[in-house]
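Asks: Contents of query10.tsv (TSV, C-alpha atoms) are given next:
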chain	number	residue	atom	x	y	z
A	1498	MET	CA	-9.54	40.07	38.32
A	1499	ASN	CA	-9.86	43.65	37.10
A	1500	PRO	CA	-6.45	44.71	35.70
A	1501	SER	CA	-6.75	48.19	37.17
A	1502	PHE	CA	-7.49	46.69	40.60
A	1503	LEU	CA	-4.45	44.40	40.32
A	1504	LEU	CA	-2.24	47.36	39.41
A	1505	THR	CA	-3.60	49.27	42.39
A	1506	VAL	CA	-2.77	46.36	44.74
A	1507	ILE	CA	0.78	46.11	43.37
A	1508	CYS	CA	1.35	49.85	43.71
A	1509	LEU	CA	-0.02	49.83	47.27
A	1510	GLY	CA	2.32	46.97	48.12
A	1511	LEU	CA	5.34	48.82	46.74
A	1512	ALA	CA	4.31	52.00	48.53
A	1513	THR	CA	4.03	50.14	51.85
A	1514	ALA	CA	7.44	48.52	51.36
A	1515	THR	CA	8.96	51.89	50.42
A	1516	GLN	CA	7.56	53.48	53.55
A	1517	LYS	CA	9.40	50.87	55.66
A	1518	LEU	CA	12.77	51.86	54.19
A	1519	ASP	CA	15.16	54.05	56.18
A	1520	HIS	CA	15.27	57.16	54.03
A	1521	SER	CA	18.20	58.57	56.00
A	1522	LEU	CA	20.23	56.00	54.02
A	1523	ASP	CA	19.08	57.24	50.60
A	1524	GLY	CA	22.42	58.90	49.87
A	1525	GLU	CA	24.48	55.87	50.87
A	1526	TRP	CA	22.21	53.57	48.84
A	1527	SER	CA	22.59	55.75	45.74
A	1528	GLN	CA	26.36	55.86	46.20
A	1529	TRP	CA	26.52	52.08	46.65
A	1530	LYS	CA	24.50	51.48	43.47
A	1531	ALA	CA	26.75	53.84	41.53
A	1532	THR	CA	29.93	52.23	42.89
A	1533	TYR	CA	28.85	48.71	41.95
A	1534	LYS	CA	26.89	49.68	38.83
A	1535	ARG	CA	23.56	48.24	39.98
A	1536	LEU	CA	20.41	48.85	37.93
A	1537	TYR	CA	17.04	47.51	39.08
A	1538	ASP	CA	13.42	47.70	37.99
A	1539	MET	CA	10.99	49.12	40.55
A	1540	ASN	CA	9.99	45.78	42.10
A	1541	GLU	CA	13.56	44.56	42.50
A	1542	GLU	CA	14.85	47.91	43.76
A	1543	VAL	CA	12.61	47.82	46.83
A	1544	TRP	CA	13.60	44.23	47.61
A	1545	ARG	CA	17.33	44.78	47.10
A	1546	ARG	CA	17.23	48.00	49.13
A	1547	THR	CA	15.54	46.09	51.96
A	1548	VAL	CA	18.24	43.40	51.88
A	1549	TRP	CA	20.97	46.05	51.72
A	1550	GLU	CA	19.56	47.88	54.76
A	1551	LYS	CA	19.37	44.63	56.73
A	1552	ASN	CA	23.03	43.94	55.90
A	1553	MET	CA	23.96	47.50	56.89
A	1554	LYS	CA	22.37	46.94	60.31
A	1555	ILE	CA	24.31	43.69	60.76
A	1556	ILE	CA	27.57	45.44	59.85
A	1557	ASN	CA	26.96	48.49	62.05
A	1558	LEU	CA	25.96	46.36	65.06
A	1559	HIS	CA	29.04	44.19	64.68
A	1560	ASN	CA	31.36	47.21	64.42
A	1561	GLN	CA	29.73	48.79	67.46
A	1562	GLU	CA	30.44	45.58	69.39
A	1563	TYR	CA	33.99	45.57	67.97
A	1564	SER	CA	34.54	49.03	69.49
A	1565	GLN	CA	33.45	47.52	72.83
A	1566	GLY	CA	36.10	44.80	72.54
A	1567	LYS	CA	33.67	41.98	71.72
A	1568	HIS	CA	35.19	41.07	68.33
A	1569	SER	CA	38.68	40.85	66.83
A	1570	PHE	CA	37.76	42.05	63.33
A	1571	THR	CA	35.63	44.65	61.59
A	1572	MET	CA	33.03	44.36	58.83
A	1573	ALA	CA	32.23	46.73	55.94
A	1574	MET	CA	29.70	47.08	53.14
A	1575	ASN	CA	30.95	45.71	49.83
A	1576	ALA	CA	29.80	44.34	46.47
A	1577	PHE	CA	27.68	41.66	48.18
A	1578	GLY	CA	25.49	44.23	49.94
A	1579	ASP	CA	22.26	43.48	48.07
A	1580	MET	CA	22.53	39.70	48.48
A	1581	THR	CA	20.95	37.66	51.23
A	1582	ASN	CA	23.33	35.31	52.97
A	1583	GLU	CA	21.58	32.38	51.26
A	1584	GLU	CA	22.13	33.93	47.81
A	1585	PHE	CA	25.71	34.73	48.69
A	1586	ARG	CA	26.52	31.17	49.70
A	1587	LYS	CA	24.90	29.75	46.59
A	1588	VAL	CA	26.67	32.08	44.15
A	1589	MET	CA	30.10	32.62	45.69
A	1590	ASN	CA	30.94	29.45	47.62
A	1591	GLY	CA	31.54	26.65	45.12
A	1592	LEU	CA	33.49	24.03	47.04
A	1593	GLN	CA	31.81	20.68	46.45
A	1594	SER	CA	30.81	18.33	49.23
A	1595	GLN	CA	31.58	15.23	47.16
A	1596	LYS	CA	34.24	12.75	48.26
A	1597	HIS	CA	37.66	14.35	48.44
A	1598	GLN	CA	40.17	12.81	46.02
A	1599	LYS	CA	43.11	11.48	48.02
A	1600	GLY	CA	46.74	11.91	47.03
A	1601	LYS	CA	50.07	11.23	48.67
A	1602	ILE	CA	50.37	12.19	52.33
A	1603	PHE	CA	52.59	15.10	53.37
A	1604	LYS	CA	55.76	13.82	55.02
A	1605	GLU	CA	56.42	16.10	57.96
A	1606	ARG	CA	59.96	17.00	58.93
A	1607	PHE	CA	59.61	16.65	62.68
A	1608	TYR	CA	62.86	18.40	63.50
A	1609	ALA	CA	62.64	21.15	60.90
A	1610	LYS	CA	62.96	24.68	62.25
A	1611	ILE	CA	59.70	26.47	61.48
A	1612	PRO	CA	59.55	30.29	61.71
A	1613	SER	CA	56.86	31.91	63.87
A	1614	HIS	CA	55.65	34.01	60.94
A	1615	PHE	CA	55.89	33.70	57.18
A	1616	ASP	CA	54.53	35.38	54.03
A	1617	TRP	CA	55.09	33.88	50.57
A	1618	ARG	CA	54.06	37.16	48.91
A	1619	LYS	CA	57.40	38.58	50.01
A	1620	LYS	CA	59.21	35.71	48.25
A	1621	GLY	CA	57.51	36.29	44.88
A	1622	TYR	CA	55.31	33.17	44.95
A	1623	VAL	CA	51.89	34.86	44.77
A	1624	THR	CA	50.08	36.52	41.86
A	1625	PRO	CA	47.80	39.56	42.42
A	1626	VAL	CA	44.32	38.99	43.87
A	1627	LYS	CA	41.81	37.83	41.25
A	1628	ASN	CA	38.01	37.96	41.10
A	1629	GLN	CA	35.81	34.94	40.38
A	1630	GLY	CA	32.70	37.10	39.83
A	1631	ALA	CA	29.24	35.51	39.95
A	1632	CYS	CA	30.56	31.99	39.33
A	1633	GLY	CA	31.17	29.27	41.92
A	1634	SER	CA	34.73	28.71	40.74
A	1635	CYS	CA	36.61	29.40	43.99
A	1636	TRP	CA	38.12	25.90	43.75
A	1637	ALA	CA	39.80	26.84	40.44
A	1638	PHE	CA	41.36	29.99	41.89
A	1639	SER	CA	42.63	28.11	44.93
A	1640	ALA	CA	44.14	25.44	42.67
A	1641	THR	CA	45.86	27.88	40.29
A	1642	GLY	CA	47.25	29.81	43.25
A	1643	ALA	CA	48.92	26.71	44.67
A	1644	LEU	CA	50.22	25.65	41.25
A	1645	GLU	CA	51.51	29.16	40.47
A	1646	GLY	CA	53.56	28.99	43.67
A	1647	GLN	CA	55.01	25.56	42.91
A	1648	MET	CA	55.87	26.54	39.34
A	1649	PHE	CA	57.65	29.65	40.67
A	1650	ARG	CA	59.57	27.43	43.09
A	1651	LYS	CA	60.64	25.22	40.17
A	1652	THR	CA	61.34	27.82	37.45
A	1653	GLY	CA	61.83	31.14	39.22
A	1654	LYS	CA	59.10	32.65	37.01
A	1655	LEU	CA	55.70	33.74	38.32
A	1656	VAL	CA	53.05	33.15	35.64
A	1657	SER	CA	49.34	33.69	36.23
A	1658	LEU	CA	47.48	30.49	35.31
A	1659	SER	CA	44.07	29.99	33.73
A	1660	GLU	CA	41.10	29.34	36.00
A	1661	GLN	CA	38.88	29.34	32.91
A	1662	ASN	CA	40.82	26.35	31.55
A	1663	LEU	CA	39.88	24.46	34.74
A	1664	VAL	CA	36.26	25.66	34.72
A	1665	ASP	CA	35.75	24.55	31.11
A	1666	CYS	CA	37.79	21.38	30.92
A	1667	SER	CA	38.01	19.50	34.24
A	1668	TRP	CA	34.51	18.00	34.18
A	1669	PRO	CA	35.80	14.43	33.58
A	1670	GLN	CA	37.72	14.70	36.85
A	1671	GLY	CA	34.51	15.55	38.74
A	1672	ASN	CA	34.40	19.35	38.71
A	1673	GLN	CA	31.25	21.18	37.63
A	1674	GLY	CA	32.39	24.56	36.37
A	1675	CYS	CA	30.55	27.47	37.98
A	1676	ASP	CA	28.51	25.02	40.06
A	1677	GLY	CA	31.52	23.97	42.09
A	1678	GLY	CA	34.52	21.70	42.23
A	1679	LEU	CA	37.50	20.53	44.28
A	1680	MET	CA	41.12	21.61	44.14
A	1681	ASN	CA	42.43	18.03	44.02
A	1682	ASN	CA	40.21	17.34	41.01
A	1683	ALA	CA	41.82	20.35	39.36
A	1684	PHE	CA	45.32	19.09	40.14
A	1685	ARG	CA	44.36	15.69	38.70
A	1686	TYR	CA	43.07	17.35	35.52
A	1687	VAL	CA	46.38	19.16	34.99
A	1688	LYS	CA	48.25	15.87	35.35
A	1689	ASP	CA	45.83	13.94	33.09
A	1690	ASN	CA	45.79	16.73	30.52
A	1691	GLY	CA	49.53	17.21	30.46
A	1692	GLY	CA	49.36	20.93	31.17
A	1693	LEU	CA	47.41	24.09	31.98
A	1694	ASP	CA	47.14	27.27	29.93
A	1695	SER	CA	48.26	30.67	31.14
A	1696	GLU	CA	45.76	33.36	32.15
A	1697	GLU	CA	46.92	35.44	29.21
A	1698	SER	CA	46.23	32.74	26.62
A	1699	TYR	CA	42.96	31.52	28.18
A	1700	PRO	CA	41.41	34.48	30.08
A	1701	TYR	CA	38.65	34.26	32.66
A	1702	VAL	CA	35.08	35.14	31.59
A	1703	GLU	CA	33.01	34.28	34.72
A	1704	HIS	CA	30.94	31.56	33.01
A	1705	GLU	CA	31.41	28.16	31.44
A	1706	THR	CA	32.52	27.93	27.79
A	1707	THR	CA	33.69	25.17	25.45
A	1708	CYS	CA	37.02	23.66	26.46
A	1709	ARG	CA	39.76	25.12	24.28
A	1710	TYR	CA	43.01	24.11	25.97
A	1711	ASN	CA	46.01	24.68	23.72
A	1712	PRO	CA	49.20	22.67	24.47
A	1713	GLU	CA	51.24	25.33	22.68
A	1714	THR	CA	50.33	27.93	25.32
A	1715	SER	CA	50.58	25.62	28.33
A	1716	ALA	CA	52.34	27.37	31.20
A	1717	ALA	CA	52.31	24.71	33.93
A	1718	ASN	CA	52.07	21.01	34.65
A	1719	ASP	CA	51.94	18.79	37.72
A	1720	THR	CA	52.65	15.18	38.61
A	1721	GLY	CA	49.90	14.81	41.21
A	1722	PHE	CA	49.11	16.28	44.60
A	1723	VAL	CA	49.83	15.87	48.29
A	1724	ASP	CA	47.28	15.91	51.12
A	1725	ILE	CA	48.20	17.39	54.48
A	1726	HIS	CA	47.17	15.88	57.81
A	1727	LYS	CA	44.11	17.56	59.34
A	1728	ARG	CA	46.18	19.37	61.94
A	1729	GLU	CA	47.11	23.03	62.05
A	1730	LYS	CA	50.69	22.15	63.05
A	1731	SER	CA	50.99	20.05	59.90
A	1732	LEU	CA	49.53	22.86	57.80
A	1733	MET	CA	51.99	25.31	59.34
A	1734	LYS	CA	54.92	23.09	58.39
A	1735	ALA	CA	53.62	22.68	54.85
A	1736	VAL	CA	53.11	26.42	54.38
A	1737	ALA	CA	56.58	27.21	55.72
A	1738	LEU	CA	58.44	24.48	53.82
A	1739	VAL	CA	56.49	24.02	50.56
A	1740	GLY	CA	54.69	27.19	49.52
A	1741	PRO	CA	51.10	28.49	49.27
A	1742	ILE	CA	48.60	25.74	50.14
A	1743	SER	CA	45.06	25.14	48.83
A	1744	VAL	CA	42.50	24.80	51.63
A	1745	GLY	CA	38.75	24.52	52.05
A	1746	ILE	CA	36.93	26.57	54.70
A	1747	ASP	CA	33.48	27.34	56.03
A	1748	ALA	CA	32.87	30.81	54.59
A	1749	GLY	CA	29.09	30.80	54.70
A	1750	HIS	CA	28.50	33.41	57.40
A	1751	SER	CA	27.56	37.07	57.04
A	1752	THR	CA	30.66	37.92	59.06
A	1753	PHE	CA	32.77	36.44	56.26
A	1754	GLN	CA	30.59	37.97	53.54
A	1755	PHE	CA	31.32	41.46	54.88
A	1756	TYR	CA	34.74	40.92	56.52
A	1757	LYS	CA	36.99	43.98	56.36
A	1758	GLU	CA	40.08	43.61	58.57
A	1759	GLY	CA	41.45	42.06	61.74
A	1760	ILE	CA	41.68	38.42	62.83
A	1761	TYR	CA	38.52	36.59	61.79
A	1762	TYR	CA	36.80	34.45	64.41
A	1763	GLU	CA	33.24	33.19	63.94
A	1764	PRO	CA	31.79	31.15	66.85
A	1765	ASN	CA	29.38	29.34	64.50
A	1766	CYS	CA	32.07	28.27	62.02
A	1767	SER	CA	32.23	24.57	61.19
A	1768	SER	CA	35.45	22.58	60.88
A	1769	GLU	CA	33.78	19.96	58.67
A	1770	GLU	CA	31.08	21.66	56.57
A	1771	LEU	CA	33.36	23.40	54.07
A	1772	ASP	CA	31.99	25.49	51.20
A	1773	HIS	CA	34.80	27.71	49.87
A	1774	GLY	CA	38.24	27.14	48.38
A	1775	VAL	CA	41.02	29.63	49.19
A	1776	LEU	CA	44.83	29.83	49.38
A	1777	VAL	CA	46.94	30.03	52.54
A	1778	VAL	CA	50.01	32.13	51.69
A	1779	GLY	CA	51.41	32.61	55.17
A	1780	TYR	CA	50.78	32.96	58.88
A	1781	GLY	CA	51.74	35.20	61.77
A	1782	PHE	CA	50.56	36.95	64.91
A	1783	GLU	CA	49.62	40.42	66.06
A	1784	GLY	CA	51.34	41.89	69.13
A	1785	ALA	CA	52.71	39.40	71.63
A	1786	VAL	CA	52.34	35.71	70.82
A	1787	SER	CA	49.20	34.15	72.33
A	1788	ASP	CA	46.54	31.70	71.20
A	1789	ASN	CA	44.08	34.51	70.49
A	1790	ASN	CA	46.14	36.68	68.15
A	1791	LYS	CA	47.74	34.15	65.78
A	1792	TYR	CA	46.42	34.03	62.23
A	1793	TRP	CA	46.57	32.36	58.85
A	1794	LEU	CA	47.11	34.77	55.96
A	1795	VAL	CA	44.58	33.75	53.31
A	1796	LYS	CA	44.20	34.91	49.71
A	1797	ASN	CA	40.59	35.01	48.53
A	1798	SER	CA	39.21	35.32	44.98
A	1799	TRP	CA	36.60	38.08	45.41
A	1800	GLY	CA	38.68	41.02	44.17
A	1801	THR	CA	40.62	43.64	46.13
A	1802	ASP	CA	37.48	45.46	47.31
A	1803	TRP	CA	36.75	42.63	49.75
A	1804	GLY	CA	38.60	42.26	53.05
A	1805	MET	CA	42.18	43.44	53.40
A	1806	GLU	CA	42.68	44.18	49.69
A	1807	GLY	CA	41.47	40.67	48.89
A	1808	TYR	CA	43.05	38.91	51.88
A	1809	ILE	CA	41.78	37.75	55.26
A	1810	LYS	CA	43.53	36.91	58.51
A	1811	MET	CA	41.86	33.79	59.89
A	1812	THR	CA	42.25	32.63	63.50
A	1813	LYS	CA	45.11	30.13	63.87
A	1814	ASP	CA	45.59	27.36	66.44
A	1815	ARG	CA	42.06	27.53	67.84
A	1816	ASN	CA	40.72	24.04	67.16
A	1817	ASN	CA	41.03	24.12	63.37
A	1818	HIS	CA	38.73	27.15	63.17
A	1819	CYS	CA	36.46	27.14	60.09
A	1820	GLY	CA	38.12	23.86	59.02
A	1821	ILE	CA	41.20	25.50	57.55
A	1822	ALA	CA	43.29	22.33	58.05
A	1823	THR	CA	40.54	19.85	57.10
A	1824	MET	CA	41.09	19.84	53.31
A	1825	ALA	CA	44.62	21.13	52.71
A	1826	SER	CA	46.71	20.07	49.72
A	1827	TYR	CA	49.22	21.20	47.11
A	1828	PRO	CA	50.33	20.01	43.64
A	1829	THR	CA	53.66	18.37	42.95
A	1830	VAL	CA	55.62	19.58	39.91
How does this structure look as structure tokens?
Replies:
Amino acid sequence: MNPSFLLTVICLGLATATQKLDHSLDGEWSQWKATYKRLYDMNEEVWRRTVWEKNMKIINLHNQEYSQGKHSFTMAMNAFGDMTNEEFRKVMNGLQSQKHQKGKIFKERFYAKIPSHFDWRKKGYVTPVKNQGACGSCWAFSATGALEGQMFRKTGKLVSLSEQNLVDCSWPQGNQGCDGGLMNNAFRYVKDNGGLDSEESYPYVEHETTCRYNPETSAANDTGFVDIHKREKSLMKAVALVGPISVGIDAGHSTFQFYKEGIYYEPNCSSEELDHGVLVVGYGFEGAVSDNNKYWLVKNSWGTDWGMEGYIKMTKDRNNHCGIATMASYPTV
């Protein structure tokens, strides 16, 4: 084929795609690229702009319906704006579907008095929101969050723990670094290894590196882990009586990708097909108590720009919505 003809075809294709773009959004697109430091070549720019515009339409339609009382939460553009939902799920949601390692079973105190709302952040159990970046290591952040809480309960000191240590070193327990893992595998690694480094001594770099755990800078240990019955009432008791709890959820929807604030409810959420590891740090309700306004307070690992400064309120007591009680556990120390 004549090279000049091929170049003409490519240029015509780009011109046609460019013509389909909504140029009233040029300013917002430029601002978004500047905010998130995006640089593209010409081919990729047109494609990413097209994806971004499609996501903007989804967000704007949802928020319009929210104003009409059809939804209980709002959505907003964020760092994932130029990603298709398929790309987003592949990159950000790294909870493995392999067989869940089983531990001891949570012994419920049937007559324990459980408060109607609770927030472990107010008790000093929770470190600031972290950011996993473009690495499917959500499982590691969920695991460190639960262990940080239990170590604070034991020692009275809140120390940020190393997700990178787990990403690099827990392969023998079944985890696969940035390609996914399970929180219970992480807890088992800490027990088998005899410790876990602090964040300060083994900082996060968003990709896999050679394992370099140093016993001299170990900041935590565990003796195993406890699984919680797949019931929201059991999870509520564990959160209230034990501390922050690691859970798996279905976070694969565009509504989760662009969640901003309010109580999250997604009709298409699965209670069994889980793809993301997060940390339940509390629960509560908005307004008067009813089944439709109770929520789980969940710490995510996508930075403070996402959601409610890194947190999400997920619907509580509505048939284990998004599977929040399906894979709940915590480490013992």
Asks: Can you measure CA of Leu1592 (chain A) to CA of Gly1642 (chain A) for me? One decimal in Å is fine.
Replies: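 Interatomic distance here is 15.4 Å.
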Asks: Please identify all polymer residues lying at most 10 Å from the point (45.8, 28.3, 26.5) (file coordinates), using all atoms listed in the file, and present the result as a list in words.
Replies: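 Nearby residues: Leu1658, Ser1659, Gln1661, Asn1662, Gly1692, Leu1693, Asp1694, Ser1695, Glu1696, Glu1697, Ser1698, Tyr1699, Pro1700, Cys1708, Arg1709, Tyr1710, Asn1711, Pro1712, Glu1713, Thr1714, Ser1715 and Ala1716 of chain A.
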Asks: CA of Thr1547 (chain A) and CA of Asp1519 (chain A), how far apart in Å?
Replies: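 These two atoms are separated by 9.0 Å.
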Asks: Would you please work out which residue, of A:Gly1630, A:Gln1528, A:Lys1601, A:Glu1562, is nearest to Gly1800 (chain A) when using all atoms listed in the file?
Replies: A:Gly1630
Asks: Tell me which protein, DNA and RNA residues are within 12 Å of Gln1629 (chain A), counting only C-alpha atoms, leaving out same-chain ones fewer than 4 positions away, and put them as a PyMOL selection string.
Replies: chain A and resi 1588-1591+1633-1639+1659-1661+1664+1674-1675+1677+1700-1704+1773-1775+1797-1801+1807
Asks: Could you check how far CA of Cys1766 (chain A) sits from CA of Arg1586 (chain A), in Å to one decimal?
Replies: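 Between these atoms lies a distance of 13.8 Å.
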Asks: Between A:Glu1645, A:Glu1525, A:Asp1579, A:Asp1747, single out the one closest to Glu1541 (chain A), counting all atoms listed in the file.
Replies: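 Going through A:Glu1645, A:Glu1525, A:Asp1579, A:Asp1747 one by one, the smallest distance to Glu1541 (chain A) is for A:Asp1579.
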Asks: Compile the contact shell of Val1736 (chain A) as a ChimeraX atom specification: residues with an atom at most 10 Å away, counting all atoms listed in the file, same-chain residues fewer than 2 positions apart removed.
Replies: /A:1611,1615-1617,1730-1734,1738-1743,1777-1780,1793,1827
Asks: Kindly indicate which residue among A:Glu1769, A:Glu1729, A:Asp1719, A:Glu1806 lies nearest to Tyr1756 (chain A), using all atoms listed in the file for the distances.
Replies: A:Glu1806
Asks: Return as JSON the box centre and box size in Å, one decimal, for an axis-aligned box around all listed atoms of region 1554-1563 of chain A padded by 5 Å per side.
Replies:
{"center_x": 28.2, "center_y": 46.2, "center_z": 64.6, "size_x": 21.6, "size_y": 15.1, "size_z": 19.5}
Asks: Quick one: region 1661-1673 of chain A with N, CA, C and O atoms, as a PDB file, in the first residue's frame?
Replies:
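What ended up in part.pdb:
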ATOM      1  N   GLN A1661       3.730  -3.154  50.476  1.00  0.00           N
ATOM      2  CA  GLN A1661       4.746  -3.614  49.537  1.00  0.00           C
ATOM      3  C   GLN A1661       5.386  -4.911  50.009  1.00  0.00           C
ATOM      4  O   GLN A1661       5.702  -5.791  49.200  1.00  0.00           O
ATOM      5  N   ASN A1662       5.565  -5.044  51.313  1.00  0.00           N
ATOM      6  CA  ASN A1662       6.089  -6.283  51.898  1.00  0.00           C
ATOM      7  C   ASN A1662       5.193  -7.460  51.508  1.00  0.00           C
ATOM      8  O   ASN A1662       5.668  -8.531  51.103  1.00  0.00           O
ATOM      9  N   LEU A1663       3.875  -7.254  51.574  1.00  0.00           N
ATOM     10  CA  LEU A1663       2.923  -8.310  51.203  1.00  0.00           C
ATOM     11  C   LEU A1663       2.937  -8.570  49.704  1.00  0.00           C
ATOM     12  O   LEU A1663       2.915  -9.725  49.258  1.00  0.00           O
ATOM     13  N   VAL A1664       2.969  -7.508  48.904  1.00  0.00           N
ATOM     14  CA  VAL A1664       2.985  -7.641  47.446  1.00  0.00           C
ATOM     15  C   VAL A1664       4.207  -8.440  46.983  1.00  0.00           C
ATOM     16  O   VAL A1664       4.108  -9.325  46.132  1.00  0.00           O
ATOM     17  N   ASP A1665       5.354  -8.169  47.583  1.00  0.00           N
ATOM     18  CA  ASP A1665       6.610  -8.790  47.147  1.00  0.00           C
ATOM     19  C   ASP A1665       6.830 -10.191  47.708  1.00  0.00           C
ATOM     20  O   ASP A1665       7.478 -11.028  47.056  1.00  0.00           O
ATOM     21  N   CYS A1666       6.314 -10.456  48.889  1.00  0.00           N
ATOM     22  CA  CYS A1666       6.779 -11.632  49.626  1.00  0.00           C
ATOM     23  C   CYS A1666       5.748 -12.732  49.899  1.00  0.00           C
ATOM     24  O   CYS A1666       6.145 -13.827  50.342  1.00  0.00           O
ATOM     25  N   SER A1667       4.463 -12.483  49.659  1.00  0.00           N
ATOM     26  CA  SER A1667       3.464 -13.488  50.067  1.00  0.00           C
ATOM     27  C   SER A1667       3.038 -14.409  48.935  1.00  0.00           C
ATOM     28  O   SER A1667       1.969 -15.020  48.988  1.00  0.00           O
ATOM     29  N   TRP A1668       3.881 -14.554  47.934  1.00  0.00           N
ATOM     30  CA  TRP A1668       3.590 -15.473  46.825  1.00  0.00           C
ATOM     31  C   TRP A1668       3.464 -16.928  47.281  1.00  0.00           C
ATOM     32  O   TRP A1668       2.569 -17.653  46.815  1.00  0.00           O
ATOM     33  N   PRO A1669       4.323 -17.414  48.186  1.00  0.00           N
ATOM     34  CA  PRO A1669       4.182 -18.814  48.624  1.00  0.00           C
ATOM     35  C   PRO A1669       2.836 -19.118  49.276  1.00  0.00           C
ATOM     36  O   PRO A1669       2.386 -20.280  49.281  1.00  0.00           O
ATOM     37  N   GLN A1670       2.190 -18.100  49.805  1.00  0.00           N
ATOM     38  CA  GLN A1670       0.882 -18.295  50.435  1.00  0.00           C
ATOM     39  C   GLN A1670      -0.264 -18.199  49.418  1.00  0.00           C
ATOM     40  O   GLN A1670      -1.430 -18.341  49.791  1.00  0.00           O
ATOM     41  N   GLY A1671       0.059 -17.929  48.153  1.00  0.00           N
ATOM     42  CA  GLY A1671      -0.967 -17.921  47.114  1.00  0.00           C
ATOM     43  C   GLY A1671      -1.292 -16.576  46.512  1.00  0.00           C
ATOM     44  O   GLY A1671      -2.073 -16.488  45.562  1.00  0.00           O
ATOM     45  N   ASN A1672      -0.715 -15.500  47.034  1.00  0.00           N
ATOM     46  CA  ASN A1672      -0.952 -14.181  46.459  1.00  0.00           C
ATOM     47  C   ASN A1672      -0.089 -13.976  45.210  1.00  0.00           C
ATOM     48  O   ASN A1672       0.934 -14.631  45.044  1.00  0.00           O
ATOM     49  N   GLN A1673      -0.510 -13.034  44.366  1.00  0.00           N
ATOM     50  CA  GLN A1673       0.171 -12.819  43.096  1.00  0.00           C
ATOM     51  C   GLN A1673       0.489 -11.353  42.853  1.00  0.00           C
ATOM     52  O   GLN A1673       0.331 -10.830  41.741  1.00  0.00           O
TER      53      GLN A1673
END
